[in-house]
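Chemist: Structure below; questions to follow.
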Amino acid sequence: MFSVILSYLPYSLVTTFTPGPNNILSFYSISQKGWRRGWPIVVGIVAGFFCVMALCALFCYELDQHLPSITNLLKYAGILYILWLAFHVARSNPTEEGGQQASFWKGFFLQFVNVKIILYAITIYTGYVLPAGAAWPDLMAQALVLTCIGATGITTWGAVGGLLQSFLAKHYKPFNYLMAAILVLCAWGML
């Protein structure tokens, strides 16, 4: 199992630390709300991430046969959700959302339309894990390993957002527009 992890680790690390919906949402939430009120969305992202990794492991053989139709449906659903999220981020301000707690469920459900992590899981399972002869317990162990790797990127982006919280509170409009633009680029990249 360790040799399989080493084989996909470079791809996994690059994917984990590049901007994407999870990292941007974590960064934004912690920078706007701080760790105390922003942590539920980060926990939701990680919990949803694990569910998606486990589901992808479970259905990888079937997904391989039906990949084009599933990918297209998820791709367009993901694009719409990310664009909605970008619109919300661009329009928000700290006083509007200051009293609201970041939602666990917002982070959780994002994972089920996040094509980046779905394709990430499918790529790793079909390209690295399954060819190595992985059994069912191996697939679940890999889902846990992938979640731990993903959580490092999500919390790193959140930590940077937390460190910049006071600066960003003063300059929230340009920051919000930048974050929204990055989300729009994520959606554009999915086309």
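Ordering of the structure tokens sets the chain letters (A, B, ...); residue numbers start at 1 within each chain; ligands are numbered from 1 in the order shown.
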With only C-alpha atoms as the counted atoms, please give the residues lying no more than 6 Å from region 17-30 of chain A, apart from itself and same-chain residues fewer than 5 positions off, as a PyMOL selection string.
Modeler: chain A and resi 35+38+42+153-154+157-158+161-162
Chemist: Keeping only N, CA and C atoms, take the residues you just selected and write them out as a tab-separated table (two decimals), in the first residue's frame.
Modeler:
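Saved result, out_24.tsv, follows:
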```tsv
chain	number	residue	atom	x	y	z
A	35	TRP	N	-11.11	31.35	12.89
A	35	TRP	CA	-11.19	29.89	13.07
A	35	TRP	C	-12.40	29.48	13.89
A	38	GLY	N	-15.41	29.90	11.65
A	38	GLY	CA	-15.23	29.37	10.30
A	38	GLY	C	-14.94	27.88	10.25
A	42	VAL	N	-14.92	24.10	7.24
A	42	VAL	CA	-13.73	23.30	6.95
A	42	VAL	C	-13.98	21.84	7.32
A	153	GLY	N	-4.21	20.42	2.54
A	153	GLY	CA	-4.36	21.57	1.65
A	153	GLY	C	-5.47	22.50	2.12
A	154	ILE	N	-6.60	21.93	2.51
A	154	ILE	CA	-7.75	22.73	2.94
A	154	ILE	C	-7.41	23.53	4.19
A	157	TRP	N	-4.76	26.37	3.44
A	157	TRP	CA	-5.40	27.55	2.85
A	157	TRP	C	-6.21	28.30	3.91
A	158	GLY	N	-6.91	27.57	4.80
A	158	GLY	CA	-7.66	28.21	5.87
A	158	GLY	C	-6.74	28.96	6.82
A	161	GLY	N	-5.67	32.17	5.38
A	161	GLY	CA	-6.80	33.11	5.48
A	161	GLY	C	-6.94	33.67	6.88
A	162	GLY	N	-6.72	32.82	7.90
A	162	GLY	CA	-6.80	33.27	9.28
A	162	GLY	C	-5.70	34.27	9.62
```
Chemist: Write out as a list in words the residues lying within 12 Å of Phe175 (chain A), counting only C-alpha atoms and excluding same-chain residues fewer than 2 positions away.
Modeler: Ile24, Phe27, Tyr28, Ser31, Gln32, Val89, Ala90, Arg91, Ser92, Asn93, Pro94, Gly161, Leu164, Gln165, Phe167, Leu168, Ala169, Lys170, His171, Tyr172, Lys173, Tyr177, Leu178, Met179, Ala180, Ala181 and Ile182 of chain A
Chemist: I need the chosen residues saved as a compact mmCIF listing (two decimals), in the first residue's frame, with N, CA and C atoms.
Modeler:
```
# COMPACT_ATOMS: atom_id res chain seq x y z
N ILE A 24 -10.34 27.61 -1.85
CA ILE A 24 -10.82 28.99 -1.89
C ILE A 24 -11.89 29.21 -0.82
N PHE A 27 -10.16 29.23 2.63
CA PHE A 27 -9.43 30.49 2.77
C PHE A 27 -10.38 31.64 3.05
N TYR A 28 -11.43 31.74 2.25
CA TYR A 28 -12.40 32.82 2.37
C TYR A 28 -13.12 32.76 3.72
N SER A 31 -10.77 33.61 6.64
CA SER A 31 -10.34 35.01 6.59
C SER A 31 -11.48 35.95 6.98
N GLN A 32 -12.72 35.57 6.71
CA GLN A 32 -13.86 36.42 7.02
C GLN A 32 -14.39 36.22 8.43
N VAL A 89 -19.78 35.30 -2.90
CA VAL A 89 -18.54 35.83 -2.34
C VAL A 89 -18.34 37.28 -2.78
N ALA A 90 -18.57 37.58 -4.05
CA ALA A 90 -18.36 38.94 -4.56
C ALA A 90 -19.30 39.94 -3.89
N ARG A 91 -20.52 39.54 -3.60
CA ARG A 91 -21.51 40.44 -3.03
C ARG A 91 -21.44 40.57 -1.52
N SER A 92 -20.77 39.67 -0.84
CA SER A 92 -20.80 39.67 0.63
C SER A 92 -19.89 40.74 1.21
N ASN A 93 -20.18 41.10 2.45
CA ASN A 93 -19.28 41.98 3.19
C ASN A 93 -19.23 41.49 4.63
N PRO A 94 -18.19 41.83 5.38
CA PRO A 94 -18.02 41.29 6.73
C PRO A 94 -19.17 41.60 7.67
N GLY A 161 -5.67 32.17 5.38
CA GLY A 161 -6.80 33.11 5.48
C GLY A 161 -6.94 33.67 6.88
N LEU A 164 -4.31 36.34 7.66
CA LEU A 164 -4.55 37.60 6.95
C LEU A 164 -5.88 38.25 7.31
N GLN A 165 -6.57 37.71 8.33
CA GLN A 165 -7.93 38.15 8.66
C GLN A 165 -8.03 39.66 8.90
N PHE A 167 -6.01 42.15 8.02
CA PHE A 167 -5.71 42.89 6.79
C PHE A 167 -6.89 42.83 5.82
N LEU A 168 -7.46 41.61 5.69
CA LEU A 168 -8.55 41.44 4.73
C LEU A 168 -9.84 42.11 5.18
N ALA A 169 -10.00 42.27 6.48
CA ALA A 169 -11.20 42.97 6.98
C ALA A 169 -11.20 44.42 6.50
N LYS A 170 -10.03 45.00 6.38
CA LYS A 170 -9.91 46.39 5.91
C LYS A 170 -10.06 46.49 4.39
N HIS A 171 -9.69 45.45 3.70
CA HIS A 171 -9.67 45.46 2.23
C HIS A 171 -10.56 44.35 1.67
N TYR A 172 -11.73 44.19 2.23
CA TYR A 172 -12.56 43.04 1.86
C TYR A 172 -13.10 43.09 0.44
N LYS A 173 -13.42 44.27 -0.08
CA LYS A 173 -14.00 44.33 -1.44
C LYS A 173 -13.04 43.80 -2.50
N TYR A 177 -13.62 40.29 -4.61
CA TYR A 177 -13.63 40.23 -6.07
C TYR A 177 -12.56 39.28 -6.60
N LEU A 178 -11.40 39.29 -5.97
CA LEU A 178 -10.33 38.38 -6.37
C LEU A 178 -10.75 36.92 -6.14
N MET A 179 -11.32 36.64 -4.96
CA MET A 179 -11.76 35.26 -4.66
C MET A 179 -12.87 34.83 -5.62
N ALA A 180 -13.79 35.72 -5.91
CA ALA A 180 -14.86 35.41 -6.85
C ALA A 180 -14.28 35.14 -8.24
N ALA A 181 -13.31 35.94 -8.65
CA ALA A 181 -12.67 35.74 -9.96
C ALA A 181 -11.97 34.39 -10.02
N ILE A 182 -11.31 34.01 -8.95
CA ILE A 182 -10.64 32.70 -8.93
C ILE A 182 -11.68 31.58 -9.05
```
Chemist: Record the distance separating CA of Met1 (chain A) and CA of Leu13 (chain A), expressed in Å with one decimal.
Modeler: 17.4 Å
Chemist: Excluding Asp138 (chain A) and any residue of its chain fewer than 6 positions from it, enumerate the residues within 10 Å of it, using only C-alpha atoms, and give them as a PyMOL selection string.
Modeler: chain A and resi 1+57+129-130+144
Chemist: Between CA of Phe108 (chain A) and CA of Ala47 (chain A), what is the distance in Å, rounded to a tenth?
Modeler: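 Going from CA of Phe108 (chain A) over to CA of Ala47 (chain A) covers 6.3 Å.
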Chemist: Choose the residue, out of A:Phe50, A:Leu55, A:Arg36, A:Lys106, that has the smallest atom-to-atom separation from Ile149 (chain A); count only C-alpha atoms.
Modeler: A:Phe50
Chemist: Find the residues around region 126-128 of chain A up to 9 Å (only C-alpha atoms counted), leave out those fewer than 3 positions away in its own chain, and share them as a list in words.
Modeler: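 Once the adjacent positions are removed, what remains is Val4, Ile5, Ser7, Tyr8, Cys60, Tyr61, Asp64, Ala121, Ile122, Thr123, Pro131 and Ala132 of chain A.
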Chemist: Distance CA of Pro174 (chain A)-CA of Ile41 (chain A), one decimal place?
Modeler: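 Value for the CA of Pro174 (chain A)-CA of Ile41 (chain A) distance: 22.7 Å.
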Chemist: Under the rule that only C-alpha atoms are counted, which of A:Leu110, A:Ala86, A:Ile118, A:Ala159 is the nearest residue to Leu185 (chain A)?
Modeler: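 Result for the nearest residue to Leu185 (chain A): A:Ala86.
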Chemist: Using only C-alpha atoms, which of A:Gln142, A:Phe109, A:Ser166, A:Thr16 sits nearest Ser3 (chain A)?
Modeler: A:Gln142
